[in-house]
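Chemist: Please find upload20.cif (mmCIF, C-alpha atoms and all ligand atoms) on the next line:
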```
data_final
loop_
_atom_site.label_atom_id
_atom_site.label_comp_id
_atom_site.auth_asym_id
_atom_site.auth_seq_id
_atom_site.Cartn_x
_atom_site.Cartn_y
_atom_site.Cartn_z
CA MET X 1 -5.38 18.46 14.76
CA ALA X 2 -4.73 16.08 11.87
CA LEU X 3 -6.70 13.32 13.54
CA PHE X 4 -9.56 15.74 14.11
CA ILE X 5 -9.54 16.75 10.45
CA MET X 6 -9.58 13.14 9.34
CA LYS X 7 -12.47 12.24 11.58
CA LYS X 8 -14.29 15.30 10.24
CA VAL X 9 -13.69 14.35 6.62
CA ILE X 10 -14.63 10.75 7.20
CA ASN X 11 -17.71 11.67 9.18
CA GLN X 12 -18.85 14.19 6.64
CA THR X 13 -17.77 12.40 3.50
CA ILE X 14 -18.92 8.86 3.28
CA LEU X 15 -16.89 6.70 0.92
CA PRO X 16 -13.65 8.71 1.27
CA THR X 17 -11.37 7.91 -1.65
CA SER X 18 -7.65 7.11 -1.55
CA THR X 19 -5.03 5.22 -3.56
CA ALA X 20 -3.44 1.96 -2.46
CA GLY X 21 0.04 3.41 -2.83
CA SER X 22 2.43 4.55 -5.49
CA LEU X 23 1.75 6.90 -8.38
CA PRO X 24 3.91 7.36 -11.51
CA LYS X 25 6.99 9.57 -11.19
CA PRO X 26 7.71 12.43 -13.62
CA ALA X 27 10.03 11.47 -16.52
CA TRP X 28 12.67 13.98 -15.36
CA LEU X 29 12.98 12.16 -12.02
CA ALA X 30 12.96 8.48 -12.99
CA GLU X 31 12.51 6.29 -16.06
CA PRO X 32 8.73 6.09 -16.64
CA GLU X 33 6.74 2.85 -16.54
CA THR X 34 9.57 0.97 -14.82
CA LEU X 35 9.82 -0.66 -11.39
CA TRP X 36 13.09 -0.06 -9.47
CA SER X 37 13.73 2.74 -11.96
CA PRO X 38 17.08 4.46 -11.35
CA TRP X 39 17.00 8.15 -10.43
CA LYS X 40 17.83 10.63 -13.18
CA LEU X 41 19.11 13.26 -10.72
CA GLN X 42 21.85 13.19 -8.10
CA GLY X 43 22.82 14.85 -4.82
CA ASP X 44 20.97 18.04 -3.91
CA GLU X 45 19.15 18.07 -7.23
CA LEU X 46 17.70 14.66 -6.42
CA ILE X 47 16.57 15.79 -2.95
CA GLU X 48 14.84 18.82 -4.45
CA GLY X 49 13.47 16.82 -7.38
CA LYS X 50 11.83 14.26 -5.08
CA LYS X 51 10.11 17.04 -3.13
CA ASP X 52 8.87 18.68 -6.32
CA ALA X 53 7.54 15.33 -7.54
CA LEU X 54 5.78 14.78 -4.21
CA ARG X 55 4.02 18.14 -4.57
CA LEU X 56 2.96 17.35 -8.14
CA SER X 57 1.68 13.96 -7.09
CA LEU X 58 -0.29 15.52 -4.26
CA GLN X 59 -1.74 18.09 -6.63
CA ASP X 60 -2.82 15.33 -9.05
CA GLN X 61 -4.68 13.61 -6.24
CA GLN X 62 -6.26 16.85 -5.08
CA GLN X 63 -7.38 17.84 -8.58
CA ALA X 64 -8.95 14.42 -8.97
CA GLY X 65 -10.84 14.97 -5.70
CA ILE X 66 -9.12 12.20 -3.72
CA ASP X 67 -10.06 12.54 -0.03
CA ILE X 68 -7.21 10.76 1.77
CA VAL X 69 -3.96 11.75 0.05
CA SER X 70 -0.43 10.34 0.04
CA ASP X 71 3.07 11.14 -1.18
CA GLY X 72 2.50 8.90 -4.21
CA GLU X 73 5.74 7.21 -3.05
CA GLN X 74 7.68 9.76 -5.09
CA THR X 75 10.74 9.66 -2.84
CA ARG X 76 11.22 5.89 -3.02
CA GLN X 77 12.71 3.74 -5.70
CA HIS X 78 10.72 0.72 -4.50
CA PHE X 79 8.19 0.18 -1.71
CA VAL X 80 10.29 -2.44 0.09
CA THR X 81 13.90 -1.90 -1.02
CA THR X 82 14.07 1.78 -0.11
CA PHE X 83 13.09 1.05 3.49
CA ILE X 84 15.59 -1.79 3.80
CA GLU X 85 18.40 0.38 2.38
CA HIS X 86 18.24 2.44 5.57
CA LEU X 87 18.76 -0.48 7.95
CA ASN X 88 21.88 -1.90 9.59
CA GLY X 89 22.62 -5.57 9.07
CA VAL X 90 21.79 -5.74 5.36
CA ASP X 91 24.59 -5.84 2.80
CA PHE X 92 23.53 -4.48 -0.57
CA GLU X 93 26.83 -5.55 -2.19
CA GLN X 94 26.29 -9.24 -1.36
CA ARG X 95 23.43 -10.16 -3.65
CA LYS X 96 21.63 -13.45 -4.13
CA THR X 97 18.96 -14.44 -6.58
CA VAL X 98 15.78 -15.56 -4.82
CA LYS X 99 12.20 -16.14 -5.87
CA ILE X 100 10.03 -13.31 -4.63
CA ARG X 101 6.64 -14.52 -3.43
CA ASP X 102 7.40 -17.90 -5.07
CA ARG X 103 6.82 -16.12 -8.37
CA TYR X 104 9.67 -14.23 -9.97
CA GLU X 105 13.42 -14.23 -9.55
CA ALA X 106 15.17 -11.11 -8.36
CA SER X 107 18.66 -10.23 -7.19
CA VAL X 108 18.29 -9.20 -3.55
CA PRO X 109 20.61 -8.01 -0.75
CA THR X 110 21.78 -10.28 2.08
CA VAL X 111 21.07 -10.06 5.80
CA VAL X 112 24.55 -10.39 7.33
CA GLY X 113 24.00 -9.36 10.96
CA PRO X 114 21.41 -8.09 13.45
CA VAL X 115 18.99 -5.70 11.71
CA SER X 116 18.25 -2.27 13.19
CA ARG X 117 17.17 1.18 12.07
CA GLN X 118 19.97 3.74 11.92
CA LYS X 119 17.51 6.65 11.93
CA SER X 120 14.02 7.41 10.73
CA VAL X 121 13.52 6.54 7.09
CA PHE X 122 10.46 8.42 5.82
CA VAL X 123 9.69 10.84 8.64
CA GLU X 124 11.14 13.95 6.97
CA ASP X 125 9.18 13.15 3.79
CA ALA X 126 6.02 12.68 5.85
CA LYS X 127 6.56 16.02 7.60
CA PHE X 128 6.98 17.67 4.20
CA LEU X 129 3.71 16.15 2.95
CA ARG X 130 1.97 17.20 6.19
CA GLN X 131 3.05 20.81 5.54
CA GLN X 132 1.48 20.75 2.07
CA THR X 133 -2.08 19.79 2.97
CA GLN X 134 -4.70 19.74 5.69
CA GLN X 135 -6.38 16.69 4.18
CA PRO X 136 -5.95 13.36 5.95
CA ILE X 137 -2.73 11.68 4.85
CA LYS X 138 -1.89 8.01 4.54
CA TRP X 139 1.65 6.64 4.59
CA ALA X 140 2.68 3.19 3.34
CA LEU X 141 5.37 0.99 4.88
CA PRO X 142 6.30 -2.52 3.80
CA GLY X 143 4.92 -5.27 6.05
CA PRO X 144 7.29 -7.60 7.94
CA MET X 145 6.45 -10.70 5.90
CA THR X 146 6.86 -8.92 2.58
CA MET X 147 10.21 -7.49 3.76
CA ILE X 148 11.72 -10.88 4.59
CA ASP X 149 10.59 -12.15 1.21
CA THR X 150 12.67 -9.51 -0.55
CA LEU X 151 15.98 -10.53 1.09
CA TYR X 152 18.41 -13.41 1.42
CA ASP X 153 18.88 -14.17 5.12
CA ASN X 154 22.33 -15.40 6.06
CA HIS X 155 22.13 -14.41 9.73
CA TYR X 156 18.86 -15.33 11.50
CA LYS X 157 18.26 -18.34 9.25
CA SER X 158 14.62 -18.13 10.25
CA ARG X 159 11.94 -16.25 8.34
CA GLU X 160 9.92 -15.85 11.51
CA LYS X 161 12.77 -14.45 13.62
CA LEU X 162 13.69 -11.94 10.94
CA ALA X 163 10.03 -10.90 10.57
CA TRP X 164 9.77 -10.18 14.32
CA GLU X 165 12.92 -8.02 14.14
CA PHE X 166 11.44 -6.08 11.22
CA ALA X 167 8.15 -5.69 13.10
CA LYS X 168 10.01 -3.94 15.95
CA ILE X 169 11.81 -1.65 13.50
CA LEU X 170 8.57 -0.84 11.65
CA ASN X 171 6.91 0.00 14.96
CA GLN X 172 9.65 2.57 15.71
CA GLU X 173 9.18 4.13 12.28
CA ALA X 174 5.37 4.07 12.53
CA LYS X 175 5.41 5.86 15.89
CA GLU X 176 7.52 8.64 14.39
CA LEU X 177 5.23 8.87 11.36
CA GLU X 178 2.25 9.21 13.68
CA ALA X 179 4.04 12.00 15.57
CA ALA X 180 4.71 13.70 12.22
CA GLY X 181 0.94 13.92 11.68
CA VAL X 182 0.21 10.88 9.52
CA ASP X 183 -3.45 9.88 9.92
CA ILE X 184 -3.34 6.35 8.49
CA ILE X 185 -0.28 4.09 8.43
CA GLN X 186 -0.58 1.30 5.90
CA PHE X 187 1.50 -1.87 5.79
CA ASP X 188 1.86 -3.50 2.38
CA GLU X 189 1.62 -7.28 2.71
CA PRO X 190 1.17 -8.87 -0.72
CA ALA X 191 2.99 -11.86 0.82
CA PHE X 192 -0.20 -12.55 2.82
CA ASN X 193 -1.71 -13.79 -0.44
CA VAL X 194 0.97 -16.44 -0.89
CA PHE X 195 2.27 -17.92 2.38
CA PHE X 196 -0.99 -18.95 4.03
CA ASP X 197 0.37 -21.11 6.87
CA GLU X 198 2.98 -18.53 7.90
CA VAL X 199 0.39 -15.74 7.77
CA ASN X 200 -1.69 -17.52 10.37
CA GLU X 201 1.22 -18.84 12.43
CA TRP X 202 3.09 -15.56 12.85
CA GLY X 203 2.46 -13.11 9.94
CA ILE X 204 -0.56 -11.37 11.44
CA ALA X 205 1.03 -11.45 14.91
CA CYS X 206 4.10 -9.66 13.49
CA LEU X 207 1.84 -7.08 11.87
CA GLU X 208 0.16 -6.46 15.24
CA ARG X 209 3.61 -6.01 16.78
CA ALA X 210 4.33 -3.36 14.11
CA ILE X 211 1.22 -1.34 15.09
CA GLU X 212 1.63 -1.74 18.86
CA GLY X 213 0.91 1.48 20.77
CA LEU X 214 -0.25 3.49 17.76
CA ASN X 215 -3.23 5.81 18.12
CA CYS X 216 -3.61 6.67 14.43
CA GLU X 217 -5.57 4.44 12.08
CA THR X 218 -3.74 1.42 10.69
CA ALA X 219 -4.24 -0.46 7.44
CA VAL X 220 -2.93 -3.56 5.74
CA HIS X 221 -2.83 -3.72 1.94
CA ILE X 222 -3.06 -7.20 0.44
CA CYS X 223 -3.08 -7.48 -3.32
CA TYR X 224 -2.10 -9.54 -6.33
CA GLY X 225 0.75 -7.17 -7.16
CA TYR X 226 1.67 -4.50 -9.65
CA GLY X 227 0.57 -4.97 -13.25
CA ILE X 228 3.93 -6.41 -14.31
CA LYS X 229 4.25 -9.54 -16.48
CA ALA X 230 5.36 -11.90 -13.67
CA ASN X 231 2.20 -11.03 -11.77
CA THR X 232 -0.22 -11.14 -14.70
CA ASP X 233 1.23 -14.55 -15.72
CA TRP X 234 0.76 -15.79 -12.13
CA LYS X 235 -2.84 -14.55 -12.07
CA LYS X 236 -3.59 -16.68 -15.13
CA THR X 237 -2.77 -19.79 -13.06
CA LEU X 238 -5.15 -18.92 -10.23
CA GLY X 239 -8.33 -20.18 -11.88
CA SER X 240 -11.73 -18.56 -12.07
CA GLN X 241 -12.14 -17.88 -8.34
CA TRP X 242 -9.36 -16.22 -6.37
CA ARG X 243 -9.95 -17.31 -2.79
CA GLN X 244 -6.48 -16.47 -1.40
CA TYR X 245 -7.94 -13.81 0.93
CA GLU X 246 -10.00 -16.48 2.61
CA ALA X 247 -6.90 -17.83 4.43
CA ALA X 248 -5.95 -14.61 6.22
CA PHE X 249 -9.37 -12.97 6.70
CA PRO X 250 -10.64 -14.80 9.81
CA LYS X 251 -7.55 -13.88 11.83
CA LEU X 252 -7.38 -10.37 10.36
CA GLN X 253 -10.99 -9.81 11.38
CA LYS X 254 -10.00 -10.47 14.99
CA SER X 255 -6.79 -8.41 14.77
CA ASN X 256 -6.22 -4.83 15.90
CA ILE X 257 -5.77 -3.59 12.32
CA ASP X 258 -8.42 -0.97 11.51
CA ILE X 259 -8.54 -1.06 7.71
CA ILE X 260 -7.99 -3.81 5.13
CA SER X 261 -7.06 -2.70 1.59
CA LEU X 262 -7.99 -5.17 -1.14
CA GLU X 263 -7.96 -5.81 -4.86
CA CYS X 264 -11.50 -6.17 -6.20
CA HIS X 265 -12.17 -4.69 -9.67
CA ASN X 266 -11.35 -7.00 -12.61
CA SER X 267 -9.93 -9.60 -10.27
CA HIS X 268 -11.59 -12.95 -9.68
CA VAL X 269 -11.94 -12.41 -5.94
CA PRO X 270 -15.48 -13.46 -4.97
CA MET X 271 -16.97 -10.39 -3.28
CA GLU X 272 -18.69 -12.50 -0.63
CA LEU X 273 -15.27 -13.16 0.94
CA LEU X 274 -15.59 -9.65 2.39
CA GLU X 275 -18.21 -11.05 4.77
CA LEU X 276 -15.29 -12.71 6.62
CA ILE X 277 -13.96 -9.28 7.65
CA ARG X 278 -17.33 -7.71 8.46
CA GLY X 279 -16.79 -4.96 11.03
CA LYS X 280 -13.44 -3.83 9.61
CA LYS X 281 -13.08 -0.79 7.40
CA VAL X 282 -12.31 -1.93 3.86
CA MET X 283 -10.40 -0.09 1.16
CA VAL X 284 -12.09 -1.60 -1.88
CA GLY X 285 -9.93 -1.66 -5.00
CA ALA X 286 -12.20 -0.33 -7.73
CA ILE X 287 -9.41 0.56 -10.18
CA ASP X 288 -7.45 -2.10 -12.07
CA VAL X 289 -3.74 -1.18 -12.06
CA ALA X 290 -2.81 -3.96 -14.51
CA SER X 291 -4.62 -2.37 -17.44
CA ASN X 292 -4.31 0.94 -19.29
CA THR X 293 -8.05 0.95 -19.93
CA ILE X 294 -9.62 3.75 -17.91
CA GLU X 295 -12.58 2.60 -15.86
CA THR X 296 -15.85 4.45 -16.39
CA ALA X 297 -17.42 6.07 -13.34
CA GLU X 298 -20.28 3.58 -13.68
CA GLU X 299 -17.85 0.61 -13.55
CA VAL X 300 -16.30 2.00 -10.37
CA ALA X 301 -19.77 2.55 -8.91
CA ASP X 302 -20.75 -0.99 -9.79
CA THR X 303 -17.75 -2.45 -7.89
CA LEU X 304 -18.58 -0.30 -4.87
CA ARG X 305 -22.25 -1.33 -4.94
CA LYS X 306 -21.23 -5.00 -4.96
CA ALA X 307 -18.91 -4.39 -1.99
CA LEU X 308 -21.69 -2.60 -0.10
CA LYS X 309 -23.50 -5.91 0.27
CA PHE X 310 -20.70 -7.02 2.60
CA VAL X 311 -19.23 -3.77 3.93
CA ASP X 312 -21.24 -1.17 5.86
CA ALA X 313 -21.34 2.16 4.03
CA ASP X 314 -19.54 4.01 6.82
CA LYS X 315 -16.67 1.51 6.56
CA LEU X 316 -16.18 1.48 2.81
CA TYR X 317 -13.18 3.39 1.40
CA PRO X 318 -13.03 3.37 -2.43
CA SER X 319 -9.45 2.85 -3.59
CA THR X 320 -7.20 1.35 -6.27
CA ASN X 321 -6.27 -2.35 -6.50
CA CYS X 322 -2.58 -1.60 -5.94
CA GLY X 323 0.03 1.05 -6.67
CA MET X 324 0.10 2.75 -10.08
CA ALA X 325 3.86 3.45 -10.35
CA PRO X 326 4.33 1.39 -13.55
CA LEU X 327 1.47 3.13 -15.43
CA PRO X 328 1.80 6.13 -17.79
CA ARG X 329 1.13 9.32 -15.84
CA GLN X 330 -1.90 10.47 -17.81
CA ILE X 331 -3.51 7.03 -17.43
CA ALA X 332 -3.00 7.10 -13.67
CA SER X 333 -4.52 10.61 -13.47
CA ALA X 334 -7.53 9.54 -15.52
CA LYS X 335 -8.00 6.52 -13.26
CA LEU X 336 -7.97 8.78 -10.19
CA ASN X 337 -10.70 10.89 -11.80
CA ALA X 338 -12.74 7.77 -12.50
CA LEU X 339 -12.37 6.66 -8.88
CA SER X 340 -13.69 9.99 -7.62
CA ALA X 341 -16.54 10.10 -10.12
CA GLY X 342 -17.61 6.54 -9.33
CA ALA X 343 -17.53 7.15 -5.58
CA ALA X 344 -19.61 10.32 -6.10
CA ILE X 345 -22.33 8.32 -7.88
CA VAL X 346 -22.66 5.83 -5.01
CA ARG X 347 -22.41 8.59 -2.40
CA ARG X 348 -25.42 10.29 -4.01
CA GLU X 349 -27.33 7.01 -4.04
CA LEU X 350 -26.63 6.52 -0.34
CA THR X 351 -27.60 10.02 0.72
CA THR X 352 -30.76 10.62 -1.32
ZN ZN X 401 -0.47 -3.84 -3.95
#
```
Now, as a test, write the supplied structure out as structure tokens.
Ligand SMILES: [Zn+2]
Modeler:
Amino acid sequence: MALFIMKKVINQTILPTSTAGSLPKPAWLAEPETLWSPWKLQGDELIEGKKDALRLSLQDQQQAGIDIVSDGEQTRQHFVTTFIEHLNGVDFEQRKTVKIRDRYEASVPTVVGPVSRQKSVFVEDAKFLRQQTQQPIKWALPGPMTMIDTLYDNHYKSREKLAWEFAKILNQEAKELEAAGVDIIQFDEPAFNVFFDEVNEWGIACLERAIEGLNCETAVHICYGYGIKANTDWKKTLGSQWRQYEAAFPKLQKSNIDIISLECHNSHVPMELLELIRGKKVMVGAIDVASNTIETAEEVADTLRKALKFVDADKLYPSTNCGMAPLPRQIASAKLNALSAGAAIVRRELTT
């Protein structure tokens, strides 16, 4: 049923809009404009509060006219950490400081034994979202390579081995999410933009292991990160042309992944790189998440028009560059409206 609805929406609505991931949480649930923000509620109140926030986030997306909706990641403290918290073999008391994506230091938990999933992590949340809407829904999971980069490994002593273990665990979770009615499962792999040799040696292969046997659509999100200072400082060192995508694209084009979600607006990614993934569906980031300036509909339309030179219209999904969790709520809502309005302009151009 859900798959049928999605196909219907996507067949009838060209340029279906979505967000790359997280949306801001309400101030009564977590400290605003903060990553890894601690919860303000506890126990049953927290459980109920997360559900209420999920419904509000969904409503924001619906009022903005977003076509493929998500939970806005309202039930998670962080897109990687919250998943890892539910696994065996990781000790959150033993912390080490590591450099995440070779960029910023963070205190992370330690892998102390074989990793496995105790039980499903997000499936109940996904079922709850499914009950709230008949629109197609997208669910984000961390990718294997990004997961290993957010941990200190004192057991496998091999990034590749640990990534393969996570790929198996993610596959179990993804299959349950599909059964819960999720239409698109997205894996967040910002690490693909940093570790080019590993991406080609085993990163994409691990991602394909994570999607093995799935019938729903699958996506990989590769970006330049949230709009936090460590990332914006890093971006300043990347020069005038950001060609990082070039390393992973040829292999991704040949992979079984259906959709590739990218950062485009206000970044220095040359749009012609999209030619390297011709044939794939592309979620084109037309909203800058590292700025509080609200895009105009015309700016969004302009980004989409540029992408259309390299992406067939039936394969272009207007989206945001990354998650919007660290933004003020009203800014994020206004950016969602801009995304819809910009997509509507180009949709009219394509159909008249
Ligand atoms: Zn991102």
Chemist: When distances are computed from only C-alpha atoms, which of X:Thr303, X:Ser70, X:Ser116, X:Thr296 shows the smallest separation from Ile185 of chain X?
Modeler: X:Ser70
Chemist: Residues at most 9 Å from Ile148 of chain X, counting all atoms listed in the file, excluding those fewer than 2 positions away in the same chain, as a list in words?
Modeler: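 After dropping sequence-adjacent residues, the list is Gly143, Pro144, Met145, Thr146, Thr150, Leu151, Tyr152, Asp153, Arg159, Glu160, Leu162, Ala163 and Phe166 of chain X.
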Chemist: Between X:Glu189, X:Glu208, X:Asp60, X:Glu275, which is the closest to ligand ZN 401 (chain X) once you count all atoms listed in the file?
Modeler: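 Counting all atoms listed in the file, the residue closest to ligand ZN 401 (chain X) is X:Glu189.
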Chemist: For the atom pair atom CA of Ala325 of chain X and atom CA of Phe122 of chain X, what is the interatomic distance in Å to one decimal place?
Modeler: 18.2 Å
Chemist: Using all atoms listed in the file, which residues of chain X come within 8 Å of ligand ZN 401 (chain X), and what is the closest atom pair for each, with the distance in Å to one decimal? Give it as a tab-separated table, sorted by chain and residue number.
Modeler:
```
residue	atom	partner	partner_atom	distance
X:Ala20	CA	X:ZN401	ZN	6.7
X:Gly21	CA	X:ZN401	ZN	7.4
X:Asp188	CA	X:ZN401	ZN	6.8
X:Glu189	CA	X:ZN401	ZN	7.8
X:Pro190	CA	X:ZN401	ZN	6.2
X:His221	CA	X:ZN401	ZN	6.3
X:Ile222	CA	X:ZN401	ZN	6.1
X:Cys223	CA	X:ZN401	ZN	4.5
X:Tyr224	CA	X:ZN401	ZN	6.4
X:Gly225	CA	X:ZN401	ZN	4.8
X:Tyr226	CA	X:ZN401	ZN	6.1
X:Glu263	CA	X:ZN401	ZN	7.8
X:Asn321	CA	X:ZN401	ZN	6.5
X:Cys322	CA	X:ZN401	ZN	3.7
X:Gly323	CA	X:ZN401	ZN	5.6
```
Chemist: Tell me which protein, DNA and RNA residues are within 6 Å of segment 193-206 of chain X, counting only C-alpha atoms, leaving out same-chain ones fewer than 5 positions away, and put them as number ranges by chain.
Modeler: X: 164, 167, 244
Chemist: Using Å and a single decimal, report how far atom CA of Leu129 of chain X sits from atom CA of Leu58 of chain X.
Modeler: 8.3 Å
Chemist: For atom CA of Val282 of chain X and atom CA of Asp314 of chain X, determine how far apart the two atoms are, in Å to one decimal place.
Modeler: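 That distance, rounded to one decimal, is 9.8 Å.
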Chemist: Just the residues within 10 Å of Trp242 of chain X, please, counting all atoms listed in the file, with nothing from its chain fewer than 5 positions along; format it as a PyMOL selection string.
Modeler: chain X and resi 193+224+235+267-270+273
Chemist: Which polymer residues have any atom within 7 Å of an atom of Tyr317 of chain X, counting all atoms listed in the file, with same-chain residues fewer than 4 positions away left out, as a list in words?
Modeler: Leu15, Pro16, Thr17, Val282, Met283 and Val284 of chain X
Chemist: Using all atoms listed in the file, which residue out of X:Ile66, X:Leu327, X:Ala126, X:Cys216 lies closest to Ala290 of chain X?
Modeler: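 With all atoms listed in the file as the atom set, the closest residue is X:Leu327.
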Chemist: Mind listing whatever residues come within 12 Å of the point (7.8, 12.3, 3.9)? Use all atoms listed in the file, file coordinates, and give them as a VMD selection string.
Modeler: chain X and resid 47 50 to 51 53 to 55 58 70 to 76 120 to 132 137 to 141 173 176 to 178 180 to 182
Chemist: I need every residue sitting at most 12 Å from the point (2.6, -4.7, 21.0) (coordinates as in the file, all atoms listed in the file considered), written as a ChimeraX atom specification.
Modeler: /X:164,167-168,170-172,205-214,255-256
Chemist: With distances taken over only C-alpha atoms, which residue among X:Leu276, X:Leu29, X:Met271, X:Val111 lies nearest Lys306 of chain X?
Modeler: X:Met271
Chemist: Might I get the box with edges along x, y and z of the file that holds all atoms of segment 32-41 of chain X listed there, padded by 5 Å on every side, given as centre and edge lengths in Å to one decimal, as AutoDock Vina command-line options?
Modeler:
```
--center_x 12.9 --center_y 6.3 --center_z -13.1 --size_x 22.4 --size_y 23.9 --size_z 17.2
```
Chemist: I'd like to know which of X:Leu274, X:Ile257, X:Ala344, X:Ile331 is closest to Thr293 of chain X, using only C-alpha atoms.
Modeler: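 Closest candidate: X:Ile331.
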Chemist: With all atoms listed in the file as the basis for distance, which of X:Gln253, X:Asn231, X:Ser261, X:Thr351 is at the shortest distance from Ala219 of chain X?
Modeler: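 Ranking X:Gln253, X:Asn231, X:Ser261, X:Thr351 by distance to Ala219 of chain X, first place goes to X:Ser261.
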